[in-house]
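J.: To be precise about what I am sending: the file is called entry11.cif and holds mmCIF, C-alpha atoms.
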```cif
data_model
loop_
_atom_site.label_atom_id
_atom_site.label_comp_id
_atom_site.auth_asym_id
_atom_site.auth_seq_id
_atom_site.Cartn_x
_atom_site.Cartn_y
_atom_site.Cartn_z
CA MET B 1 19.57 -16.23 -17.92
CA PRO B 2 19.98 -14.32 -21.22
CA TYR B 3 17.55 -14.71 -24.11
CA ALA B 4 18.61 -17.24 -26.74
CA ALA B 5 18.92 -15.86 -30.25
CA ASP B 6 16.01 -18.01 -31.44
CA LEU B 7 14.01 -21.08 -30.47
CA THR B 8 16.30 -23.44 -32.40
CA THR B 9 19.25 -22.21 -30.37
CA LEU B 10 17.34 -22.55 -27.10
CA LEU B 11 16.32 -26.13 -27.89
CA ARG B 12 19.88 -27.02 -28.85
CA GLU B 13 21.17 -25.53 -25.59
CA GLN B 14 18.70 -27.73 -23.69
CA ASN B 15 19.56 -30.83 -25.78
CA ILE B 16 15.98 -31.08 -27.02
CA ALA B 17 15.19 -32.21 -30.55
CA GLY B 18 11.81 -33.10 -32.01
CA VAL B 19 8.80 -31.96 -33.96
CA GLU B 20 6.91 -28.97 -32.57
CA THR B 21 3.16 -29.69 -32.47
CA PRO B 22 0.62 -26.89 -31.83
CA ILE B 23 -2.04 -27.80 -29.28
CA ALA B 24 -5.50 -26.51 -28.53
CA HIS B 25 -5.97 -25.28 -24.99
CA ASP B 26 -8.37 -23.29 -22.84
CA GLY B 27 -5.82 -20.76 -21.61
CA TYR B 28 -7.36 -17.47 -20.57
CA SER B 29 -5.19 -15.08 -22.58
CA GLY B 30 -5.10 -16.88 -25.92
CA ALA B 31 -1.30 -17.21 -26.11
CA PRO B 32 -0.37 -20.11 -28.49
CA LEU B 33 1.06 -23.33 -27.04
CA SER B 34 2.87 -26.25 -28.66
CA THR B 35 4.66 -29.39 -27.49
CA ILE B 36 7.85 -31.26 -28.30
CA GLU B 37 8.48 -34.89 -27.39
CA CYS B 38 12.12 -35.81 -26.77
CA GLY B 39 13.72 -38.69 -24.90
CA GLY B 40 10.43 -39.85 -23.46
CA LYS B 41 9.70 -36.41 -22.03
CA ARG B 42 7.30 -33.72 -23.12
CA TYR B 43 8.09 -30.02 -23.23
CA PHE B 44 5.85 -27.03 -23.81
CA ILE B 45 6.56 -23.90 -25.83
CA LYS B 46 4.55 -20.76 -25.16
CA ARG B 47 4.58 -17.90 -27.65
CA ILE B 48 4.60 -14.55 -25.86
CA GLY B 49 3.51 -11.40 -27.67
CA ARG B 50 0.70 -8.94 -28.19
CA ALA B 51 -0.65 -10.37 -31.45
CA ASN B 52 -2.43 -13.36 -29.89
CA ASP B 53 -2.70 -12.28 -26.26
CA TRP B 54 -5.48 -9.88 -25.30
CA ILE B 55 -4.20 -9.54 -21.73
CA ALA B 56 -0.81 -8.38 -23.05
CA ARG B 57 -2.58 -5.73 -25.09
CA ALA B 58 -4.91 -4.71 -22.28
CA THR B 59 -2.08 -4.36 -19.76
CA ASP B 60 0.24 -2.41 -22.07
CA ASP B 61 2.77 -5.23 -22.25
CA THR B 62 5.14 -4.19 -25.03
CA HIS B 63 8.27 -5.92 -23.69
CA GLY B 64 7.00 -9.44 -22.98
CA ARG B 65 7.05 -9.30 -19.19
CA GLU B 66 6.64 -13.06 -18.85
CA ALA B 67 9.73 -13.52 -20.99
CA GLN B 68 11.50 -10.87 -18.92
CA PHE B 69 10.62 -12.78 -15.76
CA ALA B 70 11.83 -16.08 -17.24
CA ALA B 71 15.17 -14.46 -18.08
CA SER B 72 15.55 -12.58 -14.79
CA ASP B 73 17.43 -13.45 -11.63
CA LEU B 74 14.18 -13.64 -9.66
CA ILE B 75 13.55 -17.31 -10.35
CA ALA B 76 16.82 -18.22 -8.62
CA ARG B 77 15.79 -16.05 -5.68
CA LEU B 78 12.40 -17.66 -5.13
CA PRO B 79 12.03 -19.61 -1.87
CA LYS B 80 12.59 -23.36 -2.05
CA SER B 81 8.87 -24.01 -1.66
CA ILE B 82 8.12 -22.25 -4.98
CA ALA B 83 9.01 -23.76 -8.37
CA VAL B 84 8.70 -22.42 -11.92
CA PRO B 85 8.59 -24.76 -14.94
CA SER B 86 10.32 -22.43 -17.42
CA LEU B 87 13.66 -23.65 -18.81
CA GLY B 88 14.56 -20.64 -20.92
CA VAL B 89 13.33 -18.01 -23.32
CA ALA B 90 14.27 -17.06 -26.87
CA HIS B 91 13.58 -14.29 -29.33
CA ASP B 92 10.85 -15.40 -31.72
CA GLY B 93 10.04 -13.01 -34.56
CA GLU B 94 8.36 -9.96 -33.04
CA GLY B 95 7.78 -11.82 -29.78
CA TRP B 96 9.35 -14.46 -27.59
CA ALA B 97 9.17 -18.22 -27.10
CA MET B 98 9.36 -19.73 -23.62
CA LEU B 99 10.36 -23.36 -23.11
CA MET B 100 8.80 -25.19 -20.16
CA ARG B 101 9.03 -28.63 -18.62
CA ASP B 102 5.85 -30.69 -18.36
CA ILE B 103 4.35 -30.55 -14.87
CA ALA B 104 1.06 -32.27 -15.74
CA PRO B 105 1.23 -34.64 -12.73
CA TYR B 106 1.27 -31.66 -10.39
CA LEU B 107 -1.58 -29.65 -11.92
CA ILE B 108 -4.75 -29.09 -9.94
CA PRO B 109 -7.64 -30.89 -11.66
CA ASP B 110 -10.06 -28.54 -13.40
CA ASP B 111 -13.06 -30.56 -12.28
CA GLY B 112 -14.74 -28.25 -9.81
CA SER B 113 -13.76 -30.41 -6.84
CA LEU B 114 -13.05 -28.75 -3.53
CA LEU B 115 -9.47 -28.36 -2.34
CA ALA B 116 -8.75 -29.96 1.00
CA ALA B 117 -7.92 -27.60 3.84
CA ASP B 118 -4.35 -28.89 4.12
CA VAL B 119 -3.71 -28.26 0.41
CA ILE B 120 -5.03 -24.71 0.71
CA ASP B 121 -2.85 -24.17 3.75
CA GLU B 122 0.24 -25.47 1.92
CA MET B 123 -0.43 -23.06 -0.94
CA LEU B 124 -0.93 -20.11 1.36
CA ALA B 125 2.25 -20.86 3.30
CA SER B 126 4.31 -20.93 0.10
CA ILE B 127 2.70 -17.78 -1.30
CA ALA B 128 3.27 -15.92 1.97
CA THR B 129 6.89 -17.08 2.05
CA MET B 130 7.44 -15.75 -1.47
CA HIS B 131 5.92 -12.42 -0.54
CA ALA B 132 8.08 -12.20 2.56
CA GLN B 133 11.20 -13.07 0.54
CA PHE B 134 10.86 -9.85 -1.48
CA TRP B 135 9.25 -7.66 1.16
CA ARG B 136 10.07 -3.99 0.46
CA ASP B 137 12.76 -5.11 -1.99
CA PRO B 138 12.94 -2.53 -4.82
CA LEU B 139 14.13 -5.31 -7.17
CA PRO B 140 16.45 -2.96 -9.06
CA SER B 141 18.06 -5.65 -11.21
CA ALA B 142 14.90 -7.52 -12.20
CA GLY B 143 14.56 -5.77 -15.56
CA ILE B 144 10.83 -6.43 -15.73
CA SER B 145 8.16 -4.09 -17.05
CA TRP B 146 5.78 -4.63 -14.14
CA THR B 147 2.05 -4.87 -14.85
CA PRO B 148 0.55 -1.41 -14.22
CA ILE B 149 -1.84 -1.71 -11.28
CA GLU B 150 -4.46 0.58 -12.77
CA ARG B 151 -4.49 -1.39 -16.02
CA ARG B 152 -4.88 -4.61 -14.02
CA LEU B 153 -7.83 -3.18 -12.10
CA ARG B 154 -9.50 -1.92 -15.28
CA LEU B 155 -8.97 -5.15 -17.21
CA LEU B 156 -12.67 -6.11 -17.05
CA SER B 157 -14.13 -2.84 -15.78
CA PRO B 158 -17.59 -1.62 -16.83
CA ASP B 159 -15.93 0.52 -19.51
CA GLU B 160 -13.57 -2.16 -20.85
CA ALA B 161 -15.73 -5.30 -20.72
CA PRO B 162 -18.16 -4.38 -23.53
CA ALA B 163 -15.34 -3.70 -26.00
CA LEU B 164 -13.72 -7.04 -25.17
CA ALA B 165 -17.04 -8.84 -25.50
CA ALA B 166 -17.44 -7.27 -28.94
CA GLU B 167 -14.09 -8.87 -29.87
CA GLY B 168 -15.41 -12.25 -28.75
CA ILE B 169 -13.71 -12.15 -25.33
CA ASP B 170 -16.77 -12.52 -23.15
CA VAL B 171 -16.12 -13.97 -19.70
CA GLY B 172 -19.41 -12.79 -18.22
CA ALA B 173 -18.27 -9.36 -17.09
CA VAL B 174 -20.86 -7.38 -19.08
CA ARG B 175 -23.66 -9.46 -17.63
CA GLY B 176 -22.01 -9.30 -14.20
CA TRP B 177 -21.80 -5.52 -14.07
CA ALA B 178 -25.46 -5.27 -15.04
CA ALA B 179 -26.32 -7.75 -12.29
CA PHE B 180 -24.19 -5.81 -9.81
CA GLU B 181 -26.25 -2.68 -10.41
CA GLU B 182 -29.35 -4.71 -9.58
CA VAL B 183 -28.32 -6.81 -6.58
CA ALA B 184 -25.57 -4.87 -4.77
CA PRO B 185 -26.20 -2.37 -1.95
CA PRO B 186 -26.54 1.18 -3.33
CA ALA B 187 -23.51 2.30 -1.32
CA ALA B 188 -21.40 -0.39 -3.00
CA VAL B 189 -22.62 0.65 -6.45
CA ASP B 190 -21.72 4.25 -5.65
CA LEU B 191 -18.26 3.16 -4.46
CA MET B 192 -17.63 1.19 -7.65
CA ARG B 193 -18.62 4.10 -9.87
CA ARG B 194 -16.55 6.57 -7.87
CA LEU B 195 -13.39 4.47 -7.85
CA PHE B 196 -13.49 3.64 -11.54
CA ALA B 197 -14.12 7.33 -12.29
CA ASP B 198 -11.08 8.43 -10.29
CA MET B 199 -8.51 5.96 -8.97
CA SER B 200 -5.96 8.55 -7.85
CA GLY B 201 -6.65 8.17 -4.13
CA LEU B 202 -6.69 4.39 -4.31
CA LEU B 203 -3.48 4.25 -6.34
CA ALA B 204 -1.81 6.56 -3.83
CA ALA B 205 -2.76 4.10 -1.08
CA VAL B 206 -1.33 1.26 -3.18
CA ASP B 207 1.93 3.14 -3.67
CA ALA B 208 2.19 3.93 0.05
CA ALA B 209 1.86 0.28 1.11
CA PRO B 210 4.79 -2.17 1.38
CA GLN B 211 5.64 -3.60 -2.05
CA THR B 212 6.79 -7.09 -2.94
CA LEU B 213 6.96 -9.52 -5.86
CA LEU B 214 3.54 -10.77 -6.95
CA HIS B 215 2.79 -13.54 -9.42
CA GLY B 216 -0.21 -11.50 -10.50
CA ASP B 217 -2.67 -14.24 -11.50
CA LEU B 218 -2.93 -16.92 -8.84
CA ARG B 219 -5.88 -18.76 -10.32
CA LEU B 220 -5.75 -22.51 -9.68
CA GLY B 221 -5.25 -23.10 -13.41
CA ASN B 222 -1.83 -21.43 -13.09
CA MET B 223 -0.73 -23.51 -10.14
CA GLY B 224 0.37 -27.03 -9.29
CA VAL B 225 1.30 -28.90 -6.14
CA GLY B 226 3.87 -31.66 -6.10
CA ASP B 227 7.40 -32.70 -5.22
CA GLY B 228 7.06 -30.69 -2.03
CA LYS B 229 6.61 -27.44 -3.94
CA LEU B 230 4.01 -25.00 -5.18
CA TRP B 231 4.46 -24.70 -8.94
CA LEU B 232 3.57 -21.33 -10.43
CA PHE B 233 3.40 -20.60 -14.15
CA ASP B 234 1.84 -18.00 -16.47
CA TRP B 235 3.59 -14.97 -14.97
CA ALA B 236 2.11 -12.69 -17.66
CA THR B 237 0.83 -10.18 -15.11
CA VAL B 238 3.81 -10.35 -12.75
CA THR B 239 4.19 -7.13 -10.81
CA ARG B 240 5.62 -5.42 -7.76
CA ALA B 241 2.79 -4.26 -5.51
CA PRO B 242 1.22 -4.79 -2.08
CA VAL B 243 0.26 -8.34 -1.13
CA SER B 244 -3.31 -7.02 -1.03
CA LEU B 245 -3.59 -7.42 -4.80
CA GLU B 246 -2.38 -11.03 -4.84
CA LEU B 247 -4.54 -12.11 -1.93
CA ALA B 248 -7.62 -10.34 -3.33
CA TRP B 249 -7.38 -12.14 -6.66
CA PHE B 250 -6.50 -15.52 -5.12
CA LEU B 251 -9.59 -15.34 -2.89
CA ALA B 252 -11.93 -13.97 -5.54
CA VAL B 253 -11.07 -16.16 -8.51
CA ASN B 254 -10.73 -19.46 -6.60
CA SER B 255 -13.45 -19.16 -3.99
CA SER B 256 -15.72 -21.82 -5.48
CA ARG B 257 -12.97 -24.44 -4.96
CA PHE B 258 -12.33 -23.80 -1.27
CA SER B 259 -13.52 -26.44 1.19
CA ILE B 260 -13.29 -23.96 4.08
CA PRO B 261 -14.97 -20.56 4.46
CA LEU B 262 -13.52 -17.67 2.50
CA ALA B 263 -12.83 -15.73 5.69
CA ASP B 264 -10.79 -18.67 7.00
CA VAL B 265 -8.64 -18.76 3.87
CA HIS B 266 -8.11 -15.02 4.24
CA ASN B 267 -7.11 -15.38 7.90
CA ARG B 268 -4.76 -18.29 7.25
CA TYR B 269 -2.80 -16.27 4.70
CA CYS B 270 -2.48 -13.45 7.23
CA ASP B 271 -1.25 -15.89 9.87
CA HIS B 272 1.37 -17.33 7.51
CA LEU B 273 2.64 -13.93 6.40
CA ARG B 274 2.88 -12.62 9.95
CA ALA B 275 4.66 -15.80 11.03
CA VAL B 276 7.33 -15.30 8.35
CA LEU B 277 7.71 -11.57 8.83
CA THR B 278 8.59 -10.22 12.26
CA PRO B 279 5.96 -8.15 14.09
CA ARG B 280 8.20 -5.16 13.51
CA ALA B 281 8.07 -5.75 9.75
CA LEU B 282 4.28 -6.04 9.76
CA PRO B 283 2.71 -4.14 12.67
CA ASP B 284 -1.01 -4.42 13.30
CA ALA B 285 -1.82 -0.99 11.90
CA GLU B 286 -0.03 -1.75 8.64
CA TRP B 287 -1.80 -5.08 8.20
CA GLU B 288 -5.11 -3.33 8.83
CA ARG B 289 -4.39 -0.97 5.93
CA LEU B 290 -3.22 -3.84 3.69
CA ASP B 291 -6.37 -5.75 4.54
CA ALA B 292 -8.57 -2.76 3.76
CA LEU B 293 -6.78 -2.42 0.44
CA MET B 294 -7.30 -6.13 -0.23
CA PHE B 295 -11.07 -5.81 0.03
CA ILE B 296 -11.18 -2.77 -2.26
CA LEU B 297 -8.96 -4.34 -4.91
CA GLY B 298 -10.87 -7.62 -4.88
CA PHE B 299 -14.10 -5.66 -5.13
CA LEU B 300 -12.93 -3.86 -8.27
CA LEU B 301 -11.37 -6.96 -9.84
CA ASP B 302 -14.21 -9.43 -9.54
CA ILE B 303 -17.36 -8.08 -7.90
CA TRP B 304 -19.05 -8.54 -11.27
CA GLY B 305 -18.40 -12.28 -10.92
CA LYS B 306 -19.86 -12.32 -7.44
CA ALA B 307 -22.88 -10.42 -8.76
CA ASN B 308 -23.50 -13.17 -11.31
CA VAL B 309 -23.41 -15.73 -8.51
CA ALA B 310 -25.68 -13.56 -6.35
CA ALA B 311 -28.16 -13.20 -9.20
CA ALA B 312 -28.27 -17.01 -9.35
CA GLY B 313 -29.35 -17.10 -5.70
CA GLN B 314 -26.09 -17.15 -3.72
CA PRO B 315 -25.47 -13.62 -2.39
CA ASP B 316 -23.18 -14.31 0.57
CA GLU B 317 -19.86 -13.69 -1.16
CA LEU B 318 -21.13 -10.54 -2.84
CA ARG B 319 -22.05 -9.19 0.59
CA TRP B 320 -18.65 -10.18 2.04
CA TRP B 321 -16.75 -8.24 -0.61
CA CYS B 322 -19.11 -5.26 -0.60
CA ASP B 323 -19.03 -4.94 3.20
CA GLY B 324 -15.24 -5.26 3.23
CA ALA B 325 -14.74 -2.75 0.42
CA LEU B 326 -17.02 -0.16 2.02
CA ALA B 327 -15.23 -0.52 5.36
CA GLY B 328 -11.84 -0.41 3.63
CA ALA B 329 -12.69 2.72 1.69
CA LYS B 330 -13.70 4.42 4.92
CA LEU B 331 -10.49 3.40 6.66
CA LEU B 332 -8.24 4.49 3.81
CA HIS B 333 -10.28 7.60 2.92
CA VAL B 334 -10.57 6.67 -0.75
#
```
Any chance you could give the structure as structure tokens?
T.:
Amino acid sequence: MPYAADLTTLLREQNIAGVETPIAHDGYSGAPLSTIECGGKRYFIKRIGRANDWIARATDDTHGREAQFAASDLIARLPKSIAVPSLGVAHDGEGWAMLMRDIAPYLIPDDGSLLAADVIDEMLASIATMHAQFWRDPLPSAGISWTPIERRLRLLSPDEAPALAAEGIDVGAVRGWAAFEEVAPPAAVDLMRRLFADMSGLLAAVDAAPQTLLHGDLRLGNMGVGDGKLWLFDWATVTRAPVSLELAWFLAVNSSRFSIPLADVHNRYCDHLRAVLTPRALPDAEWERLDALMFILGFLLDIWGKANVAAAGQPDELRWWCDGALAGAKLLHV
């Protein structure tokens, strides 16, 4: 799907006419949103660009990768169980404007309630199917400037978090890294410092693992369930990388909403992926390395968040990630 020349052209192509109304929202990146009402339906417009999106700046996104994804052939190649609400993308000044259908009835309530086990399982099955669909596919025609893995891992690192907090982007990472130094096992603290100081060995292990299409930010706020599909939006950190990265973030960022133990969610994803891929495509030794990588990546991405929870008196998840990361680092020699 090519970019429209401008938003007016895109709306005309979609037979949408109406007044664009900016809306306040609690989106993580800060990208502006507006709505248009037409024919009894509501549509959303998301402005994509570096000016108002700190994640775009922090991940070196100079080409509007979410717009690139919306205009790529990948959406048509997604499995039937995955849906994307985008209807098109247009040039918009120095950035891009993406038009989306309203999927409010399918969104997961942001009320802290626990997800039922069958809903979690449905999500995992769809995510695993998407990963299998693009397994080892080099995606030569995608035309997307993939999110750099190192930039993703350093997004809220001990070095980056203070500068973001000084800009008013404080998600608790500064406090979390301080807590981590206090409550984590010394070996885990040493591992964190060593990996952030030199990621070359870890990135080599990432490059050596099977690559596939990743959404990049599978927080529940970017997902919906309905009409027999898993709806995925906000592809701003879309990338091609091992499934380890996707699973690590899904487990870490959503853990408080799971009604079943974290280890069970982890195991169910593995079961779904291995059921879709043949044993030859995913032998035991390869999954063991992917799993080790998953623990290390999750550790770097969000152990500060687990440290905040541990400091509040709930240390179990911190221990789970620390133990897994230490074992993974030993296995992968990183």
J.: Could you list, as an MDAnalysis selection string, every residue within 12 Å of Ala204 (chain B), counting all atoms listed in the file and ignoring same-chain residues fewer than 4 positions away?
T.: chainID B and resid 149:150 198:200 208:209 241:242 293 332:334
J.: Store the residues picked out above, limited to C-alpha atoms, as an mmCIF file, in the coordinates of the input.
T.:
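Okay, this is what ended up in result_2.cif:
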```cif
data_model
loop_
_atom_site.group_PDB
_atom_site.id
_atom_site.type_symbol
_atom_site.label_atom_id
_atom_site.label_comp_id
_atom_site.auth_asym_id
_atom_site.auth_seq_id
_atom_site.Cartn_x
_atom_site.Cartn_y
_atom_site.Cartn_z
ATOM 1 C CA ILE B 149 -1.840 -1.710 -11.280
ATOM 2 C CA GLU B 150 -4.460 0.580 -12.770
ATOM 3 C CA ASP B 198 -11.080 8.430 -10.290
ATOM 4 C CA MET B 199 -8.510 5.960 -8.970
ATOM 5 C CA SER B 200 -5.960 8.550 -7.850
ATOM 6 C CA ALA B 208 2.190 3.930 0.050
ATOM 7 C CA ALA B 209 1.860 0.280 1.110
ATOM 8 C CA ALA B 241 2.790 -4.260 -5.510
ATOM 9 C CA PRO B 242 1.220 -4.790 -2.080
ATOM 10 C CA LEU B 293 -6.780 -2.420 0.440
ATOM 11 C CA LEU B 332 -8.240 4.490 3.810
ATOM 12 C CA HIS B 333 -10.280 7.600 2.920
ATOM 13 C CA VAL B 334 -10.570 6.670 -0.750
#
```
J.: Once the PyMOL selection byres ((chain B and resi 61) around 10) has been evaluated on this model, what residues remain selected, and can you format them as a ChimeraX atom specification?
T.: /B:49-50,53-60,62-66,145-148,236-237
J.: From the set B:Gly305, B:Pro315, B:Pro210, B:Gly216, which residue has the shortest atom-to-atom contact distance to Trp135 (chain B), counting all atoms listed in the file?
T.: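 Going through B:Gly305, B:Pro315, B:Pro210, B:Gly216 one by one, the smallest distance to Trp135 (chain B) is for B:Pro210.
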J.: Given all atoms listed in the file as the basis, pick out the residue of B:Ala51, B:Leu11, B:Leu262, B:Ala117 nearest to Met98 (chain B).
T.: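 For Met98 (chain B), the nearest of the given residues is B:Leu11.
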J.: Residue by residue, what does the PyMOL selection byres ((chain B and resi 96) around 9) grab here? Present the result as a tab-separated table (two decimals) with C-alpha atoms, in the frame of the given file.
T.:
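So part_26.tsv came out as:
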```tsv
chain	number	residue	atom	x	y	z
B	3	TYR	CA	17.55	-14.71	-24.11
B	6	ASP	CA	16.01	-18.01	-31.44
B	7	LEU	CA	14.01	-21.08	-30.47
B	46	LYS	CA	4.55	-20.76	-25.16
B	47	ARG	CA	4.58	-17.90	-27.65
B	48	ILE	CA	4.60	-14.55	-25.86
B	49	GLY	CA	3.51	-11.40	-27.67
B	64	GLY	CA	7.00	-9.44	-22.98
B	67	ALA	CA	9.73	-13.52	-20.99
B	89	VAL	CA	13.33	-18.01	-23.32
B	90	ALA	CA	14.27	-17.06	-26.87
B	91	HIS	CA	13.58	-14.29	-29.33
B	92	ASP	CA	10.85	-15.40	-31.72
B	93	GLY	CA	10.04	-13.01	-34.56
B	94	GLU	CA	8.36	-9.96	-33.04
B	95	GLY	CA	7.78	-11.82	-29.78
B	97	ALA	CA	9.17	-18.22	-27.10
B	98	MET	CA	9.36	-19.73	-23.62
```
J.: Could you tell me how far CA of His215 (chain B) lies from CA of Ala179 (chain B), in Å and to one decimal?
T.: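 It comes out at 29.8 Å.
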J.: Quick one: of B:Leu87, B:Leu214, B:Ile36, B:Ala125, who's nearest to Ala275 (chain B), counting all atoms listed in the file?
T.: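 When distances to Ala275 (chain B) are compared using all atoms listed in the file, the smallest one comes from B:Ala125.
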J.: Quick check on the file I pasted: which residues fall under the PyMOL selection byres ((chain B and resi 318) around 9)? Write them as a list in words.
T.: Phe180, Val183, Ala184, Phe299, Ile303, Trp304, Gly305, Lys306, Ala307, Val309, Ala310, Gln314, Pro315, Asp316, Glu317, Arg319, Trp320, Trp321, Cys322 and Asp323 of chain B
J.: Using CA of Asp207 (chain B) and CA of Gln133 (chain B) as the two end points, give the distance in Å to one decimal.
T.: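 About the pair CA of Asp207 (chain B) and CA of Gln133 (chain B): they are 19.1 Å apart.
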J.: To one decimal place in Å, what is the distance between CA of Asp137 (chain B) and CA of Asn254 (chain B)?
T.: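 Distance between the two atoms: 27.9 Å.
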J.: Restricting the calculation to all atoms listed in the file, which member of B:Ala116, B:Ala76, B:Ala5, B:Ala83 is positioned closest to Leu230 (chain B)?
T.: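 Using all atoms listed in the file, Leu230 (chain B) sits closest to B:Ala83.
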J.: Would you compute an axis-aligned box for region 1-13 of chain B, covering every atom listed for it in the file with 6 Å of margin on each side, and report centre and edge lengths in Å to one decimal as JSON?
T.:
```
{"center_x": 17.6, "center_y": -20.7, "center_z": -25.2, "size_x": 19.2, "size_y": 24.7, "size_z": 26.5}
```
J.: Around (14.9, -38.1, -29.2) in the file's frame, which residues reach within 8 Å when counting all atoms listed in the file? Return as JSON, numbers by chain?
T.: {"B": [16, 17, 18, 37, 38, 39, 40]}
